[in-house]
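One file, coords.txt, is given below (compact mmCIF, C-alpha atoms).
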```txt
# COMPACT_ATOMS: atom_id res chain seq x y z
CA MET A 1 -16.48 4.97 -9.53
CA SER A 2 -15.53 1.58 -8.08
CA GLY A 3 -18.62 -0.10 -6.60
CA GLY A 4 -18.44 -2.52 -3.69
CA ARG A 5 -19.08 -6.24 -4.16
CA HIS A 6 -19.30 -9.22 -1.84
CA ALA A 7 -17.47 -12.24 -3.28
CA ALA A 8 -17.86 -15.25 -0.97
CA TRP A 9 -14.28 -16.48 -1.47
CA ALA A 10 -12.89 -13.01 -0.81
CA GLU A 11 -15.02 -12.65 2.33
CA MET A 12 -13.61 -15.90 3.71
CA LEU A 13 -10.00 -14.91 3.05
CA PHE A 14 -10.56 -11.40 4.40
CA ARG A 15 -12.14 -12.69 7.61
CA LEU A 16 -9.18 -14.99 8.27
CA TYR A 17 -6.71 -12.22 7.45
CA ILE A 18 -8.37 -9.65 9.72
CA GLU A 19 -8.83 -12.05 12.63
CA ARG A 20 -5.15 -13.01 12.56
CA LEU A 21 -3.91 -9.49 11.97
CA THR A 22 -5.84 -8.01 14.89
CA ALA A 23 -4.83 -10.92 17.15
CA ARG A 24 -1.16 -10.10 16.45
CA SER A 25 -1.57 -6.34 16.71
CA PHE A 26 -3.96 -5.77 19.65
CA ARG A 27 -4.25 -7.09 23.15
CA SER A 28 -8.04 -6.81 22.96
CA LEU A 29 -10.97 -5.17 21.24
CA ARG A 30 -13.50 -3.87 23.79
CA LEU A 31 -17.03 -2.54 23.58
CA ILE A 32 -17.98 0.02 26.23
CA GLY A 33 -21.67 -0.12 27.07
CA GLU A 34 -24.27 -2.06 25.12
CA PRO A 35 -24.72 -2.29 21.35
CA TYR A 36 -27.67 -0.40 19.91
CA ALA A 37 -30.61 -2.66 19.01
CA ALA A 38 -31.25 -1.35 15.51
CA SER A 39 -34.54 -2.04 13.76
CA PRO A 40 -34.05 -4.97 11.35
CA GLY A 41 -36.37 -3.26 8.88
CA LEU A 42 -34.14 -0.23 8.36
CA PRO A 43 -30.68 0.19 6.82
CA ILE A 44 -27.93 1.49 9.08
CA LEU A 45 -25.71 4.45 8.22
CA LEU A 46 -22.76 4.00 10.58
CA VAL A 47 -20.74 7.15 11.23
CA GLY A 48 -17.32 7.03 12.88
CA ASN A 49 -14.30 9.15 13.70
CA HIS A 50 -11.30 8.40 11.51
CA SER A 51 -7.91 8.61 13.20
CA THR A 52 -6.21 5.26 12.46
CA TRP A 53 -5.49 3.00 9.50
CA TRP A 54 -7.42 0.29 11.35
CA ASP A 55 -10.81 2.01 11.38
CA GLY A 56 -12.35 0.21 8.41
CA PHE A 57 -11.15 -3.13 9.79
CA PHE A 58 -12.65 -2.27 13.18
CA ILE A 59 -16.01 -1.61 11.52
CA TYR A 60 -15.81 -4.96 9.74
CA LEU A 61 -15.24 -6.75 13.07
CA LEU A 62 -17.95 -4.77 14.88
CA ASN A 63 -20.41 -5.73 12.18
CA ARG A 64 -19.47 -9.41 12.41
CA ARG A 65 -19.68 -9.48 16.21
CA LEU A 66 -22.75 -7.29 16.74
CA PHE A 67 -24.91 -6.70 13.69
CA GLY A 68 -24.43 -9.27 10.92
CA ARG A 69 -25.43 -6.78 8.22
CA THR A 70 -24.26 -6.57 4.61
CA LEU A 71 -21.45 -4.08 5.11
CA TYR A 72 -20.29 -1.41 2.67
CA VAL A 73 -17.50 1.04 3.47
CA MET A 74 -16.86 4.29 1.62
CA MET A 75 -13.16 5.00 1.16
CA LEU A 76 -11.07 7.35 -0.94
CA GLU A 77 -10.81 6.22 -4.56
CA ASP A 78 -7.01 6.51 -4.62
CA GLN A 79 -6.73 4.30 -1.52
CA LEU A 80 -9.05 1.71 -3.03
CA GLY A 81 -6.84 1.78 -6.12
CA ARG A 82 -3.91 0.77 -3.92
CA PHE A 83 -5.90 -2.05 -2.30
CA PRO A 84 -8.38 -3.26 -4.95
CA PHE A 85 -9.10 -6.46 -2.99
CA PHE A 86 -11.20 -4.36 -0.59
CA GLY A 87 -13.66 -3.84 -3.43
CA LEU A 88 -14.52 -7.55 -3.21
CA VAL A 89 -15.57 -7.23 0.45
CA GLY A 90 -17.84 -4.20 0.25
CA ALA A 91 -15.54 -1.19 -0.09
CA PHE A 92 -16.24 1.42 -2.76
CA GLY A 93 -14.46 4.58 -3.76
CA ILE A 94 -15.15 8.30 -3.64
CA PRO A 95 -12.72 10.54 -5.55
CA ARG A 96 -10.94 13.66 -4.35
CA GLY A 97 -11.66 16.95 -6.10
CA HIS A 98 -13.91 15.49 -8.80
CA PRO A 99 -17.47 16.81 -8.32
CA ARG A 100 -19.14 14.49 -10.84
CA GLY A 101 -17.38 11.45 -9.38
CA VAL A 102 -18.34 12.52 -5.85
CA MET A 103 -22.01 12.78 -6.85
CA GLU A 104 -21.87 9.33 -8.45
CA SER A 105 -20.45 7.89 -5.23
CA LEU A 106 -23.13 9.57 -3.14
CA ALA A 107 -25.86 8.31 -5.46
CA TYR A 108 -24.41 4.80 -5.23
CA SER A 109 -24.41 5.10 -1.43
CA ALA A 110 -28.09 6.08 -1.49
CA SER A 111 -28.93 3.08 -3.70
CA LEU A 112 -27.28 0.72 -1.18
CA LEU A 113 -29.64 1.98 1.52
CA ALA A 114 -32.62 0.61 -0.44
CA ASP A 115 -31.79 -2.77 1.11
CA PRO A 116 -32.78 -2.84 4.81
CA ALA A 117 -30.02 -5.40 5.48
CA THR A 118 -27.34 -2.86 4.54
CA MET A 119 -24.88 -1.25 6.91
CA LEU A 120 -23.14 1.63 5.16
CA CYS A 121 -20.08 2.99 6.95
CA MET A 122 -18.87 6.53 6.35
CA PHE A 123 -16.08 8.58 7.90
CA PRO A 124 -17.39 12.13 7.36
CA GLN A 125 -14.02 13.71 8.16
CA GLY A 126 -13.03 12.49 4.72
CA GLU A 127 -9.45 11.67 5.67
CA LEU A 128 -7.30 10.47 8.55
CA THR A 129 -7.04 13.17 11.22
CA PRO A 130 -5.55 13.18 14.73
CA TYR A 131 -7.93 11.85 17.37
CA ARG A 132 -7.77 15.06 19.43
CA ARG A 133 -8.42 17.50 16.60
CA ARG A 134 -11.51 19.64 17.08
CA PRO A 135 -13.72 20.44 15.37
CA LEU A 136 -13.85 17.12 13.57
CA GLY A 137 -14.67 18.84 10.29
CA PHE A 138 -17.48 16.66 8.98
CA GLN A 139 -18.29 17.03 5.29
CA ARG A 140 -21.86 17.27 4.02
CA GLY A 141 -22.23 14.12 1.92
CA ILE A 142 -24.61 12.49 4.40
CA GLU A 143 -27.23 15.18 3.75
CA ARG A 144 -27.15 14.48 0.01
CA ILE A 145 -27.33 10.72 0.56
CA LEU A 146 -30.43 11.08 2.73
CA ARG A 147 -32.11 13.27 0.13
CA MET A 148 -31.29 10.85 -2.67
CA HIS A 149 -32.45 7.85 -0.63
CA GLY A 150 -35.73 9.49 0.34
CA GLY A 151 -36.63 7.00 3.08
CA VAL A 152 -35.94 6.31 6.74
CA VAL A 153 -32.40 5.39 7.81
CA THR A 154 -30.92 4.52 11.20
CA ILE A 155 -27.90 6.78 11.76
CA LEU A 156 -25.61 5.13 14.28
CA PRO A 157 -22.47 6.95 15.54
CA VAL A 158 -19.49 4.98 16.86
CA ALA A 159 -16.46 6.34 18.69
CA MET A 160 -13.18 4.42 18.32
CA ARG A 161 -9.92 4.84 20.19
CA CYS A 162 -6.70 2.83 20.51
CA GLU A 163 -4.96 3.01 23.88
CA PHE A 164 -1.63 1.71 25.11
CA GLY A 165 -1.69 0.74 28.77
CA GLY A 166 0.99 -1.17 30.62
CA GLU A 167 1.25 -3.79 27.88
CA ARG A 168 3.24 -4.16 24.67
CA LEU A 169 0.09 -4.23 22.54
CA PRO A 170 -2.70 -1.64 22.59
CA ASP A 171 -6.37 -2.13 23.32
CA ALA A 172 -9.03 -0.81 20.94
CA PHE A 173 -12.15 0.65 22.56
CA PHE A 174 -15.52 1.27 20.96
CA LEU A 175 -18.61 3.12 22.14
CA LEU A 176 -21.84 3.04 20.15
CA ASP A 177 -24.36 5.79 20.63
CA ARG A 178 -28.12 5.47 20.51
CA GLY A 179 -29.16 5.34 16.89
CA SER A 180 -31.65 7.80 15.45
CA GLU A 181 -34.20 6.94 12.78
CA VAL A 182 -34.31 9.89 10.39
CA THR A 183 -35.27 11.04 6.93
CA ALA A 184 -33.78 13.93 5.00
CA ALA A 185 -36.61 16.12 6.29
CA ASP A 186 -35.96 15.59 10.00
CA PHE A 187 -32.19 15.04 9.94
CA PRO A 188 -30.81 17.65 12.40
CA GLY A 189 -27.87 18.48 10.15
CA VAL A 190 -24.19 17.67 9.80
CA GLU A 191 -23.20 20.27 12.38
CA GLN A 192 -25.32 18.56 15.04
CA LEU A 193 -24.06 15.14 13.98
CA GLU A 194 -20.50 16.42 14.37
CA ARG A 195 -21.22 17.78 17.85
CA ASP A 196 -22.83 14.49 18.84
CA GLN A 197 -19.78 12.59 17.58
CA GLU A 198 -17.42 14.81 19.56
CA ALA A 199 -19.53 14.26 22.69
CA LEU A 200 -19.50 10.50 22.09
CA MET A 201 -15.70 10.55 21.83
CA GLU A 202 -15.50 12.49 25.09
CA ARG A 203 -17.71 9.88 26.77
CA LEU A 204 -15.39 7.14 25.49
CA ASP A 205 -12.36 9.03 26.80
CA ALA A 206 -13.99 9.38 30.22
CA ALA A 207 -14.84 5.67 30.34
CA ILE A 208 -11.27 4.67 29.52
CA LEU A 209 -9.86 7.15 32.03
CA SER A 210 -12.11 5.78 34.77
CA GLY A 211 -10.84 2.26 34.12
CA GLU A 212 -13.97 0.91 32.48
CA THR A 213 -13.04 -2.23 30.55
CA GLY A 214 -16.31 -3.12 28.86
CA ARG A 215 -17.07 -6.29 26.94
CA VAL A 216 -14.27 -8.13 25.14
CA LEU A 217 -15.08 -8.65 21.48
CA ALA A 218 -11.72 -10.18 20.63
CA GLY A 219 -8.46 -10.90 22.42
CA ARG A 220 -7.71 -11.39 26.08
CA ALA A 221 -10.15 -10.65 28.86
CA SER A 222 -7.54 -9.07 31.14
```

Written as structure tokens, how would this file's structure read?
Amino acid sequence: MSGGRHAAWAEMLFRLYIERLTARSFRSLRLIGEPYAASPGLPILLVGNHSTWWDGFFIYLLNRRLFGRTLYVMMLEDQLGRFPFFGLVGAFGIPRGHPRGVMESLAYSASLLADPATMLCMFPQGELTPYRRRPLGFQRGIERILRMHGGVVTILPVAMRCEFGGERLPDAFFLLDRGSEVTAADFPGVEQLERDQEALMERLDAAILSGETGRVLAGRAS
């Protein structure tokens, strides 16, 4: 398993790269509603839908703008092998079809949550899927991570959607739900988490459809 690190020089280069790349590729990045005020004494397990190549980069920017946590992102081992630089800025791998390797990755994830400054991002769909596909098909790794961790974690869902309007470049919209502080014992289950995520995505769709523009995190205000 490839564990995530945080090399200062790599963080600096990555920040410059992502800022420039998103500035060239998006008209704006917009937050609908208010960010959740997470307890600073608890680690955050951020859960998002996964329908674009950009999603991990979006999480990186959301963390920089809103939370300032030590960010780790779980990604497929074969993808991390293609982009090993990501391992220097907090990404770590989980293999496909290798039960022992999967368990090692989940145990590593649980160990990261021992630090209350951690934000661990997971995409429980496990792979890129079309935004409109339902059900989302969440996998059950979160349940194992919570059991291995054994303590309280803030689970924070985020819905993400890219939308082309009347401009050449798209806007990216984000909606953060209310976080829930849970342990393995009172976690309502992956099925409920999946339903909550689908409802959050529907709320984001409705906000975009109604013309809600939200708060600009990056890019142009209009």

Legend entry - Between atom CA of Phe138 of chain A and atom CA of Phe14 of chain A - distance in Å to one decimal: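 Interatomic distance, atom CA of Phe14 of chain A to atom CA of Phe138 of chain A: 29.3 Å.
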
Inset, instruction - For atom CA of Leu66 of chain A and atom CA of Met119 of chain A, quote the distance in Å rounded to one decimal. - result: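 Result for atom CA of Leu66 of chain A versus atom CA of Met119 of chain A: 11.7 Å, one decimal.
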
Inset, instruction - Quick one: pull the distance between atom CA of Ser180 of chain A and atom CA of Ala117 of chain A, Å, one decimal. - result: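 Computed distance, atom CA of Ser180 of chain A to atom CA of Ala117 of chain A, equals 16.6 Å.
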
Inset, instruction - Find, counting all atoms listed in the file, the residue in A:Phe26, A:Trp53, A:Tyr17, A:Trp9 that gets nearest to Leu169 of chain A. - result: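 Selected residue with least distance to Leu169 of chain A: A:Phe26.
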
Legend entry - Nearby residues (all atoms listed in the file) at most 9 Å from Leu175 of chain A, same-chain spacing under 2 positions excluded, as a PyMOL selection string: chain A and resi 30-35+157-160+173+177+200-201+203-204

Legend entry - Counting only C-alpha atoms, the residue of A:Gly68, A:Pro40, A:Arg24, A:Phe85 that sits nearest Ala10 of chain A: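 Closest to Ala10 of chain A, using only C-alpha atoms: A:Phe85.
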
Legend entry - Option closest in space to Phe86 of chain A, from A:Cys162, A:Ala184, A:Leu61, A:Ala7 [counting only C-alpha atoms]: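 For Phe86 of chain A, the nearest of the candidates is A:Ala7.
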
Legend entry - For Glu77 of chain A: contacts at 10 Å, all atoms listed in the file, fewer than 2 positions along chain excluded, given as a VMD selection string: chain A and resid 1 to 2 74 to 75 79 to 84 91 to 96 101 to 102 105

Inset, instruction - Dump as a PyMOL selection string all residues having an atom at most 9 Å from (-36.6, 7.4, 5.7), computed in the file's coordinates with all atoms listed in the file. - result: chain A and resi 42+146+149-154+181-185

Dump as a PDB file, in the frame of the given file, selection limited to C-alpha atoms:
```
ATOM      1  CA  LEU A  42     -34.140  -0.230   8.360  1.00  0.00           C
ATOM      2  CA  LEU A 146     -30.430  11.080   2.730  1.00  0.00           C
ATOM      3  CA  HIS A 149     -32.450   7.850  -0.630  1.00  0.00           C
ATOM      4  CA  GLY A 150     -35.730   9.490   0.340  1.00  0.00           C
ATOM      5  CA  GLY A 151     -36.630   7.000   3.080  1.00  0.00           C
ATOM      6  CA  VAL A 152     -35.940   6.310   6.740  1.00  0.00           C
ATOM      7  CA  VAL A 153     -32.400   5.390   7.810  1.00  0.00           C
ATOM      8  CA  THR A 154     -30.920   4.520  11.200  1.00  0.00           C
ATOM      9  CA  GLU A 181     -34.200   6.940  12.780  1.00  0.00           C
ATOM     10  CA  VAL A 182     -34.310   9.890  10.390  1.00  0.00           C
ATOM     11  CA  THR A 183     -35.270  11.040   6.930  1.00  0.00           C
ATOM     12  CA  ALA A 184     -33.780  13.930   5.000  1.00  0.00           C
ATOM     13  CA  ALA A 185     -36.610  16.120   6.290  1.00  0.00           C
TER      14      ALA A 185
END
```

Inset, instruction - Mind checking which residues fall within 9 Å of Arg168 of chain A, counting all atoms listed in the file, ignoring those fewer than 2 positions away in the same chain, and posting them as a list of chain:residue names? - result: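 The neighbour list is A:Phe26, A:Arg27, A:Phe164, A:Gly165, A:Gly166, A:Pro170.
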
With 12 Å as the cut-off and only C-alpha atoms counted, what is the closest atom pair between each nearby residue of segment 35-131 of chain A and segment 187-199 of chain A? Distances in Å to one decimal, ordered by chain and number, as JSON lines.
```
{"residue": "A:Leu46", "atom": "CA", "partner": "A:Gln197", "partner_atom": "CA", "distance": 11.5}
{"residue": "A:Val47", "atom": "CA", "partner": "A:Gln197", "partner_atom": "CA", "distance": 8.4}
{"residue": "A:Gly48", "atom": "CA", "partner": "A:Gln197", "partner_atom": "CA", "distance": 7.7}
{"residue": "A:Asn49", "atom": "CA", "partner": "A:Gln197", "partner_atom": "CA", "distance": 7.5}
{"residue": "A:His50", "atom": "CA", "partner": "A:Gln197", "partner_atom": "CA", "distance": 11.2}
{"residue": "A:Phe123", "atom": "CA", "partner": "A:Glu194", "partner_atom": "CA", "distance": 11.1}
{"residue": "A:Pro124", "atom": "CA", "partner": "A:Glu194", "partner_atom": "CA", "distance": 8.8}
{"residue": "A:Gln125", "atom": "CA", "partner": "A:Glu194", "partner_atom": "CA", "distance": 9.4}
{"residue": "A:Tyr131", "atom": "CA", "partner": "A:Glu198", "partner_atom": "CA", "distance": 10.2}
```

Legend entry - Nearest residue to Leu13 of chain A from the set A:Leu120, A:Leu45, A:Val73, A:Val89 (distances using all atoms listed in the file):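 Between A:Leu120, A:Leu45, A:Val73, A:Val89, the residue approaching Leu13 of chain A most closely is A:Val89.
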